[in-house]
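Participant: Sharing protein.txt, compact mmCIF, C-alpha atoms:
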```
# COMPACT_ATOMS: atom_id res chain seq x y z
CA MET K 21 8.39 -32.68 4.99
CA LEU K 22 8.15 -33.89 8.59
CA THR K 23 11.91 -33.38 9.06
CA TRP K 24 11.68 -29.77 7.94
CA SER K 25 8.52 -29.19 9.99
CA ILE K 26 10.23 -30.38 13.17
CA ARG K 27 13.26 -28.26 12.25
CA LEU K 28 11.08 -25.15 11.94
CA VAL K 29 9.43 -25.86 15.29
CA GLU K 30 12.46 -26.91 17.30
CA ASP K 31 15.40 -25.08 15.68
CA PHE K 32 14.00 -21.95 14.03
CA SER K 33 10.96 -20.97 16.12
CA ASP K 34 12.81 -18.84 18.69
CA ASP K 35 14.42 -16.73 15.96
CA THR K 36 11.19 -16.48 14.00
CA LEU K 37 9.02 -15.44 16.94
CA ALA K 38 11.65 -13.03 18.30
CA ALA K 39 11.75 -11.41 14.87
CA TRP K 40 7.95 -11.29 14.77
CA ASP K 41 7.85 -9.52 18.15
CA GLU K 42 10.49 -7.02 16.99
CA ARG K 43 8.68 -6.40 13.71
CA ARG K 44 5.45 -5.62 15.52
CA ARG K 45 7.27 -3.26 17.89
CA MET K 46 8.84 -1.49 14.92
CA HIS K 47 5.50 -1.27 13.12
CA ALA K 48 3.74 0.12 16.20
CA ARG K 49 6.51 2.67 16.71
CA VAL K 50 6.14 3.95 13.14
CA LYS K 51 2.36 4.29 13.49
CA ALA K 52 2.87 6.43 16.59
CA THR K 53 5.58 8.66 15.05
CA SER K 54 4.81 12.19 13.88
CA SER K 55 6.64 14.01 11.10
CA THR K 56 9.56 16.16 12.24
CA GLN K 57 12.47 17.92 10.58
CA GLU K 58 14.82 15.52 12.34
CA GLY K 59 12.93 12.57 10.89
CA LEU K 60 13.16 13.91 7.35
CA ALA K 61 16.88 14.54 7.78
CA ALA K 62 17.31 10.98 9.00
CA VAL K 63 15.48 9.60 5.95
CA LYS K 64 17.71 11.57 3.61
CA GLY K 65 20.82 10.54 5.50
CA TYR K 66 19.82 6.88 5.29
CA LEU K 67 18.55 6.60 1.71
CA LEU K 68 20.66 9.01 -0.34
CA PRO K 69 24.00 7.27 0.33
CA LEU K 70 22.43 3.94 -0.70
CA VAL K 71 21.08 5.47 -3.91
CA ASP K 72 24.29 7.30 -4.79
CA SER K 73 26.53 4.28 -4.12
CA GLY K 74 24.45 1.88 -6.21
CA ALA K 75 23.72 -0.26 -3.15
CA LEU K 76 20.61 -2.40 -2.72
CA LEU K 77 17.58 -0.73 -1.18
CA PRO K 78 15.31 -2.39 1.42
CA ALA K 79 12.41 -3.73 -0.62
CA THR K 80 8.94 -5.12 -0.15
CA VAL K 81 6.29 -6.44 -2.55
CA SER K 82 3.16 -4.31 -2.87
CA ARG K 83 -0.07 -5.66 -4.32
CA LEU K 84 -0.48 -2.43 -6.30
CA HIS K 85 3.10 -1.59 -7.27
CA GLY K 86 5.04 -4.85 -7.16
CA VAL K 87 8.58 -4.51 -5.82
CA THR K 88 8.93 -1.18 -4.06
CA LEU K 89 10.71 0.51 -1.16
CA ALA K 90 9.97 -0.94 2.30
CA HIS K 91 8.45 2.24 3.73
CA TYR K 92 7.64 0.91 7.20
CA TYR K 93 11.11 -0.57 7.61
CA VAL K 94 12.86 2.63 6.53
CA ALA K 95 10.63 4.67 8.85
CA ALA K 96 11.39 2.35 11.75
CA VAL K 97 15.18 2.40 11.36
CA THR K 98 15.33 6.18 10.83
CA GLY K 99 12.76 7.27 13.40
CA ALA K 100 10.79 9.12 10.72
CA SER K 101 7.07 8.94 9.98
CA TRP K 102 5.66 6.71 7.23
CA ASN K 103 4.44 9.82 5.36
CA GLN K 104 7.93 11.31 5.31
CA VAL K 105 9.41 8.16 3.82
CA HIS K 106 6.57 7.90 1.29
CA HIS K 107 6.82 11.51 0.12
CA PHE K 108 10.60 11.48 -0.07
CA ALA K 109 10.62 8.18 -1.97
CA SER K 110 8.01 9.52 -4.42
CA ARG K 111 9.96 12.71 -5.10
CA GLN K 112 13.18 10.77 -5.67
CA GLY K 113 11.60 8.03 -7.81
CA LEU K 114 12.81 5.37 -5.38
CA ARG K 115 10.12 2.84 -6.27
CA GLN K 116 11.70 2.37 -9.68
CA VAL K 117 15.21 2.37 -8.21
CA THR K 118 14.24 -0.25 -5.63
CA ALA K 119 12.62 -2.43 -8.29
CA ARG K 120 15.99 -2.53 -10.07
CA ARG K 121 18.04 -2.96 -6.88
CA PRO K 122 15.87 -4.80 -4.31
CA GLY K 123 17.62 -5.65 -1.07
CA PRO K 124 16.91 -7.07 2.41
CA SER K 125 15.58 -5.37 5.54
CA PRO K 126 17.79 -6.69 8.37
CA MET K 127 16.65 -6.40 11.98
CA GLN K 128 18.73 -6.27 15.14
CA VAL K 129 17.60 -9.71 16.34
CA PRO K 130 20.18 -12.38 17.29
CA VAL K 131 20.14 -15.51 15.11
CA THR K 132 20.57 -18.68 17.18
CA GLY K 133 19.09 -21.41 14.95
CA ARG K 134 21.47 -23.77 13.19
CA ILE K 135 21.20 -26.00 10.14
CA GLU K 136 23.96 -28.50 9.45
CA GLY K 137 26.05 -26.75 12.11
CA ARG K 138 25.79 -23.21 10.69
CA ARG K 139 23.42 -20.32 11.28
CA TRP K 140 20.32 -20.66 9.12
CA ARG K 141 20.16 -16.89 8.51
CA LYS K 142 22.76 -14.12 8.51
CA PHE K 143 20.04 -11.88 9.95
CA MET K 144 16.29 -11.89 10.45
CA ASP K 145 14.55 -9.89 7.75
CA TYR K 146 11.67 -7.49 8.48
CA GLU K 147 9.84 -8.36 5.25
CA GLU K 148 10.40 -12.12 5.42
CA THR K 149 9.27 -12.50 9.03
CA PRO K 150 5.47 -12.73 8.49
CA ILE K 151 6.01 -15.44 5.89
CA LEU K 152 8.23 -17.38 8.28
CA VAL K 153 5.61 -17.13 11.03
CA ARG K 154 2.96 -18.53 8.68
CA HIS K 155 5.23 -21.43 7.66
CA LEU K 156 6.08 -22.07 11.31
CA ALA K 157 2.40 -22.42 12.20
CA THR K 158 1.84 -24.74 9.24
CA ALA K 159 4.81 -26.85 10.31
CA ALA K 160 3.33 -27.09 13.82
CA ALA K 161 0.04 -28.29 12.33
CA ILE K 162 1.84 -30.99 10.33
CA VAL K 163 3.72 -32.21 13.40
CA ILE K 164 0.54 -32.37 15.49
CA LEU K 165 -1.56 -34.11 12.84
CA TYR K 166 1.06 -36.57 11.61
CA LEU K 167 2.37 -37.61 15.02
CA THR K 168 -0.98 -37.99 16.79
CA GLY K 169 -3.33 -39.21 14.05
CA MET K 170 -6.13 -36.80 14.95
CA ARG K 171 -8.44 -35.50 12.25
CA PRO K 172 -7.92 -31.97 10.89
CA GLN K 173 -11.24 -30.77 12.35
CA GLU K 174 -10.17 -31.96 15.79
CA ALA K 175 -6.77 -30.28 15.53
CA ARG K 176 -8.38 -27.02 14.41
CA SER K 177 -10.49 -27.02 17.60
CA LEU K 178 -7.52 -27.30 19.97
CA ARG K 179 -7.06 -24.42 22.36
CA SER K 180 -4.12 -22.94 24.19
CA GLY K 181 -3.71 -24.94 27.40
CA CYS K 182 -5.00 -28.19 25.87
CA CYS K 183 -1.74 -29.98 26.70
CA PRO K 184 -0.59 -28.99 30.21
CA ASP K 185 2.71 -30.19 31.64
CA PRO K 186 2.01 -33.32 33.71
CA GLN K 187 2.66 -33.47 37.43
CA PRO K 188 5.33 -35.95 38.60
CA ASN K 189 4.18 -39.32 39.93
CA PRO K 190 4.82 -40.18 43.61
CA ASP K 191 7.90 -42.14 42.53
CA GLY K 192 9.29 -39.08 40.71
CA SER K 193 8.62 -40.34 37.19
CA ILE K 194 6.94 -37.98 34.71
CA PRO K 195 3.72 -39.15 33.02
CA ARG K 196 3.12 -38.65 29.32
CA HIS K 197 1.71 -35.38 28.05
CA LEU K 198 -1.99 -35.65 27.21
CA ILE K 199 -4.01 -33.51 24.78
CA ARG K 200 -7.58 -32.72 25.76
CA ALA K 201 -9.44 -32.38 22.47
CA HIS K 202 -12.94 -32.43 21.01
CA HIS K 203 -14.01 -34.99 18.45
CA TYR K 204 -16.87 -34.66 15.99
CA LYS K 205 -17.38 -37.81 13.95
CA ASN K 206 -20.41 -39.83 15.09
CA VAL K 207 -21.06 -37.49 18.05
CA ARG K 208 -24.84 -37.59 18.61
CA ASN K 209 -27.32 -36.58 21.27
CA SER K 210 -29.86 -38.85 22.94
CA ASP K 211 -32.21 -38.39 19.99
CA GLY K 212 -29.57 -39.56 17.54
CA HIS K 213 -28.94 -36.12 16.01
CA HIS K 214 -25.40 -35.11 15.16
CA ILE K 215 -23.86 -32.56 17.55
CA SER K 216 -21.95 -30.10 15.37
CA ALA K 217 -20.04 -28.66 18.34
CA GLY K 218 -18.63 -32.12 19.12
CA GLU K 219 -17.66 -33.23 22.60
CA GLU K 220 -14.48 -33.72 24.57
CA ARG K 221 -12.82 -37.06 24.03
CA ALA K 222 -13.25 -39.52 26.88
CA VAL K 223 -9.73 -40.73 26.16
CA PRO K 224 -7.21 -37.93 25.46
CA TRP K 225 -4.48 -38.11 22.85
CA VAL K 226 -0.99 -39.01 24.02
CA ALA K 227 1.52 -36.38 22.89
CA ILE K 228 5.16 -37.23 22.22
CA ILE K 229 7.71 -34.45 22.70
CA PRO K 230 7.73 -33.09 19.09
CA VAL K 231 3.96 -32.63 19.37
CA VAL K 232 4.28 -30.88 22.73
CA ASN K 233 6.89 -28.55 21.21
CA ALA K 234 4.56 -27.77 18.29
CA ILE K 235 1.71 -26.92 20.67
CA ARG K 236 4.00 -24.69 22.74
CA VAL K 237 4.99 -22.78 19.59
CA LEU K 238 1.34 -22.20 18.67
CA GLU K 239 0.65 -21.06 22.25
CA ARG K 240 3.24 -18.33 21.70
CA ILE K 241 1.41 -17.13 18.57
CA VAL K 242 -2.15 -16.93 19.97
CA PRO K 243 -3.40 -15.41 23.26
CA LYS K 244 -4.09 -17.63 26.26
CA GLY K 245 -7.29 -19.64 25.95
CA GLU K 246 -7.66 -18.98 22.20
CA LEU K 247 -7.89 -21.59 19.46
CA LEU K 248 -4.38 -22.69 18.51
CA PHE K 249 -5.31 -22.02 14.87
CA ASN K 250 -7.27 -18.84 15.47
CA SER K 251 -7.79 -17.21 12.05
CA THR K 252 -7.13 -13.65 13.17
CA HIS K 253 -3.82 -14.38 14.84
CA HIS K 254 -2.63 -16.61 11.99
CA ASP K 255 -3.37 -14.04 9.28
CA VAL K 256 0.05 -12.54 9.91
CA VAL K 257 0.49 -11.35 6.31
CA GLY K 258 -2.89 -9.75 5.60
CA GLN K 259 -3.58 -8.72 9.24
CA ARG K 260 -7.33 -9.12 8.73
CA LYS K 261 -9.95 -9.78 11.40
CA HIS K 262 -11.53 -13.23 11.07
CA HIS K 263 -13.65 -15.51 13.21
CA GLY K 264 -13.01 -19.07 14.29
CA ALA K 265 -10.20 -21.38 13.26
CA LEU K 266 -8.34 -21.47 9.98
CA LYS K 267 -10.42 -23.28 7.40
CA ARG K 268 -9.31 -26.70 6.27
CA GLY K 269 -8.83 -25.52 2.69
CA THR K 270 -6.63 -22.68 3.93
CA LEU K 271 -4.43 -25.10 5.86
CA ASP K 272 -4.20 -27.40 2.84
CA ARG K 273 -2.99 -24.50 0.68
CA ARG K 274 -0.51 -23.49 3.36
CA VAL K 275 0.94 -26.99 3.36
CA GLU K 276 1.60 -26.66 -0.38
CA ASP K 277 3.16 -23.23 0.21
CA LEU K 278 5.34 -24.72 2.95
CA VAL K 279 6.55 -27.47 0.63
CA SER K 280 7.54 -24.84 -1.95
CA TRP K 281 9.39 -22.89 0.75
CA ILE K 282 11.15 -26.04 1.98
CA ASN K 283 12.41 -26.82 -1.50
CA GLN K 284 13.65 -23.27 -2.04
CA GLU K 285 15.33 -23.32 1.36
CA ALA K 286 16.93 -26.72 0.82
CA THR K 287 18.39 -25.49 -2.46
CA ALA K 288 19.60 -22.22 -0.95
CA GLN K 289 21.19 -24.08 1.97
CA GLY K 290 23.00 -26.47 -0.38
CA LEU K 291 20.91 -29.46 0.74
CA PRO K 292 19.39 -30.82 -2.50
CA ALA K 293 18.87 -34.25 -0.92
CA GLN K 294 16.41 -32.67 1.55
CA VAL K 295 13.91 -31.34 -0.98
CA VAL K 296 10.37 -32.73 -0.79
CA PRO K 297 9.77 -34.78 -3.94
CA GLU K 298 6.65 -34.32 -6.00
CA ASP K 299 3.78 -36.45 -4.78
CA PRO K 300 2.46 -38.84 -7.47
CA HIS K 301 -0.97 -38.64 -5.83
CA GLY K 302 -1.25 -34.86 -6.13
CA ASN K 303 -1.49 -32.22 -3.42
CA LEU K 304 -0.93 -33.37 0.13
CA GLY K 305 -4.22 -32.73 1.94
CA LEU K 306 -4.03 -32.78 5.73
CA SER K 307 -6.41 -35.73 6.02
CA ARG K 308 -3.80 -37.94 4.31
CA LEU K 309 -1.44 -37.51 7.26
CA ARG K 310 -3.83 -39.54 9.41
CA ARG K 311 -3.74 -42.39 6.93
```
Now, as a test, write the supplied structure out as structure tokens.
Facilitator:
Amino acid sequence: MLTWSIRLVEDFSDDTLAAWDERRRMHARVKATSSTQEGLAAVKGYLLPLVDSGALLPATVSRLHGVTLAHYYVAAVTGASWNQVHHFASRQGLRQVTARRPGPSPMQVPVTGRIEGRRWRKFMDYEETPILVRHLATAAAIVILYLTGMRPQEARSLRSGCCPDPQPNPDGSIPRHLIRAHHYKNVRNSDGHHISAGEERAVPWVAIIPVVNAIRVLERIVPKGELLFNSTHHDVVGQRKHHGALKRGTLDRRVEDLVSWINQEATAQGLPAQVVPEDPHGNLGLSRLRR
């Protein structure tokens, strides 16, 4: 699991985050697009040849309808409005067609990541990208927790900028990276009462390079000064507004989801020896990484 987590952070993060930026640009462009005759013509010119030729149609999974046409993607690549794609797809019965012939939604984003010497994706997919971003953030959490030993609560309180690049020593050598973090266990005031907000550690954590890389990835996901695991910015699938950091239970579930993705990916990449075996002790809670 650690091997795949480092791979996601160090080999696949540039592709994943570039795709995420492009997806958000495409989404914003669709929301700002009005319906025009040219847009409708473009939708027809894009979809009808796919339908008539028996080709796969760009698909997404809807909570209400299951597998259906990827409306936002089609609108983005044709320059049409979402409403035009929706109405045209409804009239043509394309939801049912797409459910029988679901296909990918490729974006014009270069793929640079490699696995075993070959590109890990033929293209970055519009619909897969939010899932990849979520797994990337989970992988970063695993790297930070496993390779520092900090508690989950402490990791969840880390903020962008917590691990600045060190200044060279007078002799030119580079000091270790340090993580300024808050700790919570046994933190009490002068009256002996527990301080729920914690306090900054007197001795910072030492960060080896994989941990620094994981923090830098998270700093690209959240705005400057925000919590590295800010709930709003990590809800990339649901796009809901939350407060505070991701809850511990949420991160635990995301670790299990990541393990499932790793095993699917290892199989798809022809790397059966790199699957994560079942844990005889049950689900892998984040607190176990410290132990």
Participant: Tell me which protein, DNA and RNA residues are within 8 Å of stretch 292-295 of chain K, counting all atoms listed in the file, leaving out same-chain ones fewer than 6 positions away, and put them as a short mmCIF file (atom, residue, chain, number, x, y, z; two decimals) with C-alpha atoms, keeping the file's coordinate frame.
Facilitator:
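File part_14.cif, as written:
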```
data_model
loop_
_atom_site.label_atom_id
_atom_site.label_comp_id
_atom_site.auth_asym_id
_atom_site.auth_seq_id
_atom_site.Cartn_x
_atom_site.Cartn_y
_atom_site.Cartn_z
CA ILE K 282 11.15 -26.04 1.98
CA ASN K 283 12.41 -26.82 -1.50
CA ALA K 286 16.93 -26.72 0.82
#
```
Participant: Using only C-alpha atoms, find the one residue out of K:Val296, K:Gln112, K:Pro172, K:Val279 that sits nearest to K:Arg308.
Facilitator: K:Pro172
Participant: Write out as an MDAnalysis selection string which residues come within 8 Å of K:His197 when counting only C-alpha atoms, dropping same-chain ones fewer than 3 positions away.
Facilitator: chainID K and resid 183:186 226:228 232
Participant: Given the choices K:Asn233, K:Ile199, K:Glu285, K:Ala61, which gets closest to K:Met170 if the distance is worked out from only C-alpha atoms?
Facilitator: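 Result for the nearest residue to K:Met170: K:Ile199.
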Participant: Using all atoms listed in the file for the distances, tell me which of K:Ala234, K:Val223, K:Ala52, K:Leu198 is nearest to K:Asp31.
Facilitator: K:Ala234
Participant: Which neighbours of K:Asp145 fall inside 6 Å, counting only C-alpha atoms, when residues of the same chain fewer than 3 positions from it are skipped, and could you give them as a PDB file with C-alpha atoms, in the coordinates of the input?
Facilitator:
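Ended up saving to result09.pdb:
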```pdb
ATOM      1  CA  SER K 125      15.580  -5.370   5.540  1.00  0.00           C
ATOM      2  CA  PRO K 126      17.790  -6.690   8.370  1.00  0.00           C
ATOM      3  CA  MET K 127      16.650  -6.400  11.980  1.00  0.00           C
ATOM      4  CA  GLU K 148      10.400 -12.120   5.420  1.00  0.00           C
TER       5      GLU K 148
END
```
Participant: May I ask which of the residues K:His254, K:Lys267, K:His91, K:Arg236 is the closest one to K:Cys182, counting all atoms listed in the file?
Facilitator: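 So, comparing all the options, the nearest one is K:Arg236.
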Participant: Between atom CA of K:Arg120 and atom CA of K:Ala95, measure the distance and give it in Å to one decimal.
Facilitator: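 Between atom CA of K:Arg120 and atom CA of K:Ala95 the gap is 20.9 Å.
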Participant: One number please: atom CA of K:Glu246 to atom CA of K:Leu167, in Å, one decimal.
Facilitator: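 The value is 22.3 Å.
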Participant: To one decimal in Å, tell me the separation between atom CA of K:Thr56 and atom CA of K:His106.
Facilitator: 14.0 Å
Participant: Within 10 Å of K:Phe108, counting only C-alpha atoms, which residues qualify if same-chain residues fewer than 4 places away don't, as a list in words?
Facilitator: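 Once the nearby chain positions are removed, what remains is Leu60, Val63, Lys64, Leu67, Asn103, Gln104, Gln112, Gly113 and Leu114 of chain K.
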Participant: Around (9.6, -32.6, 10.3) in the file's own coordinates, what residues are found within 12 Å if you use all atoms listed in the file, given back as a ChimeraX atom specification?
Facilitator: /K:21-31,156,158-167,230-231,233-234,278-279,282,294,296
Participant: Given all atoms listed in the file as the basis, pick out the residue of K:Pro130, K:Pro150, K:Gly59, K:Pro78 nearest to K:Val256.
Facilitator: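 Under the stated criterion, the closest residue is K:Pro150.
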Participant: Smallest atom-to-atom distance to K:Ala265: which of K:Arg310, K:Arg176, K:Arg200, K:Lys244, using all atoms listed in the file?
Facilitator: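 Once distances to K:Ala265 are computed over all atoms listed in the file, the minimum belongs to K:Arg176.
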Participant: Because some atoms of stretch 218-242 of chain K are absent here, can you restore N, CA and C atoms and send them as a PDB file, keeping the file's coordinate frame?
Facilitator:
```pdb
ATOM      1  N   GLY K 218     -19.466 -31.020  18.646  1.00  0.00           N
ATOM      2  CA  GLY K 218     -18.630 -32.120  19.120  1.00  0.00           C
ATOM      3  C   GLY K 218     -18.664 -32.247  20.630  1.00  0.00           C
ATOM      4  N   GLU K 219     -17.792 -33.062  21.155  1.00  0.00           N
ATOM      5  CA  GLU K 219     -17.660 -33.230  22.600  1.00  0.00           C
ATOM      6  C   GLU K 219     -16.237 -33.621  22.927  1.00  0.00           C
ATOM      7  N   GLU K 220     -15.847 -33.394  24.181  1.00  0.00           N
ATOM      8  CA  GLU K 220     -14.480 -33.720  24.570  1.00  0.00           C
ATOM      9  C   GLU K 220     -14.287 -35.234  24.564  1.00  0.00           C
ATOM     10  N   ARG K 221     -13.140 -35.645  24.066  1.00  0.00           N
ATOM     11  CA  ARG K 221     -12.820 -37.060  24.030  1.00  0.00           C
ATOM     12  C   ARG K 221     -12.779 -37.650  25.442  1.00  0.00           C
ATOM     13  N   ALA K 222     -13.357 -38.830  25.598  1.00  0.00           N
ATOM     14  CA  ALA K 222     -13.250 -39.520  26.880  1.00  0.00           C
ATOM     15  C   ALA K 222     -11.818 -39.954  27.133  1.00  0.00           C
ATOM     16  N   VAL K 223     -11.131 -40.329  26.060  1.00  0.00           N
ATOM     17  CA  VAL K 223      -9.730 -40.730  26.160  1.00  0.00           C
ATOM     18  C   VAL K 223      -8.886 -39.700  25.426  1.00  0.00           C
ATOM     19  N   PRO K 224      -8.011 -38.967  26.122  1.00  0.00           N
ATOM     20  CA  PRO K 224      -7.210 -37.930  25.460  1.00  0.00           C
ATOM     21  C   PRO K 224      -6.142 -38.525  24.560  1.00  0.00           C
ATOM     22  N   TRP K 225      -5.608 -37.701  23.676  1.00  0.00           N
ATOM     23  CA  TRP K 225      -4.480 -38.110  22.850  1.00  0.00           C
ATOM     24  C   TRP K 225      -3.202 -38.089  23.685  1.00  0.00           C
ATOM     25  N   VAL K 226      -2.321 -39.026  23.415  1.00  0.00           N
ATOM     26  CA  VAL K 226      -0.990 -39.010  24.020  1.00  0.00           C
ATOM     27  C   VAL K 226      -0.067 -38.217  23.103  1.00  0.00           C
ATOM     28  N   ALA K 227       0.670 -37.255  23.680  1.00  0.00           N
ATOM     29  CA  ALA K 227       1.520 -36.380  22.890  1.00  0.00           C
ATOM     30  C   ALA K 227       2.992 -36.693  23.147  1.00  0.00           C
ATOM     31  N   ILE K 228       3.713 -37.076  22.088  1.00  0.00           N
ATOM     32  CA  ILE K 228       5.160 -37.230  22.220  1.00  0.00           C
ATOM     33  C   ILE K 228       5.797 -35.841  22.152  1.00  0.00           C
ATOM     34  N   ILE K 229       7.067 -35.749  22.503  1.00  0.00           N
ATOM     35  CA  ILE K 229       7.710 -34.450  22.700  1.00  0.00           C
ATOM     36  C   ILE K 229       7.641 -33.540  21.470  1.00  0.00           C
ATOM     37  N   PRO K 230       7.869 -34.015  20.234  1.00  0.00           N
ATOM     38  CA  PRO K 230       7.730 -33.090  19.090  1.00  0.00           C
ATOM     39  C   PRO K 230       6.348 -32.446  19.010  1.00  0.00           C
ATOM     40  N   VAL K 231       5.308 -33.190  19.386  1.00  0.00           N
ATOM     41  CA  VAL K 231       3.960 -32.630  19.370  1.00  0.00           C
ATOM     42  C   VAL K 231       3.807 -31.575  20.463  1.00  0.00           C
ATOM     43  N   VAL K 232       4.330 -31.864  21.636  1.00  0.00           N
ATOM     44  CA  VAL K 232       4.280 -30.880  22.730  1.00  0.00           C
ATOM     45  C   VAL K 232       4.989 -29.595  22.300  1.00  0.00           C
ATOM     46  N   ASN K 233       6.147 -29.734  21.674  1.00  0.00           N
ATOM     47  CA  ASN K 233       6.890 -28.550  21.210  1.00  0.00           C
ATOM     48  C   ASN K 233       6.077 -27.754  20.194  1.00  0.00           C
ATOM     49  N   ALA K 234       5.377 -28.453  19.302  1.00  0.00           N
ATOM     50  CA  ALA K 234       4.560 -27.770  18.290  1.00  0.00           C
ATOM     51  C   ALA K 234       3.419 -27.005  18.959  1.00  0.00           C
ATOM     52  N   ILE K 235       2.789 -27.607  19.954  1.00  0.00           N
ATOM     53  CA  ILE K 235       1.710 -26.920  20.670  1.00  0.00           C
ATOM     54  C   ILE K 235       2.244 -25.701  21.406  1.00  0.00           C
ATOM     55  N   ARG K 236       3.428 -25.827  22.011  1.00  0.00           N
ATOM     56  CA  ARG K 236       4.000 -24.690  22.740  1.00  0.00           C
ATOM     57  C   ARG K 236       4.305 -23.519  21.792  1.00  0.00           C
ATOM     58  N   VAL K 237       4.743 -23.833  20.575  1.00  0.00           N
ATOM     59  CA  VAL K 237       4.990 -22.780  19.590  1.00  0.00           C
ATOM     60  C   VAL K 237       3.685 -22.063  19.250  1.00  0.00           C
ATOM     61  N   LEU K 238       2.627 -22.820  19.005  1.00  0.00           N
ATOM     62  CA  LEU K 238       1.340 -22.200  18.670  1.00  0.00           C
ATOM     63  C   LEU K 238       0.813 -21.383  19.843  1.00  0.00           C
ATOM     64  N   GLU K 239       1.081 -21.816  21.071  1.00  0.00           N
ATOM     65  CA  GLU K 239       0.650 -21.060  22.250  1.00  0.00           C
ATOM     66  C   GLU K 239       1.389 -19.726  22.369  1.00  0.00           C
ATOM     67  N   ARG K 240       2.519 -19.609  21.717  1.00  0.00           N
ATOM     68  CA  ARG K 240       3.240 -18.330  21.700  1.00  0.00           C
ATOM     69  C   ARG K 240       2.707 -17.394  20.609  1.00  0.00           C
ATOM     70  N   ILE K 241       1.950 -17.944  19.665  1.00  0.00           N
ATOM     71  CA  ILE K 241       1.410 -17.130  18.570  1.00  0.00           C
ATOM     72  C   ILE K 241       0.033 -16.570  18.927  1.00  0.00           C
ATOM     73  N   VAL K 242      -0.784 -17.352  19.646  1.00  0.00           N
ATOM     74  CA  VAL K 242      -2.150 -16.930  19.970  1.00  0.00           C
ATOM     75  C   VAL K 242      -2.249 -16.588  21.458  1.00  0.00           C
TER      76      VAL K 242
END
```
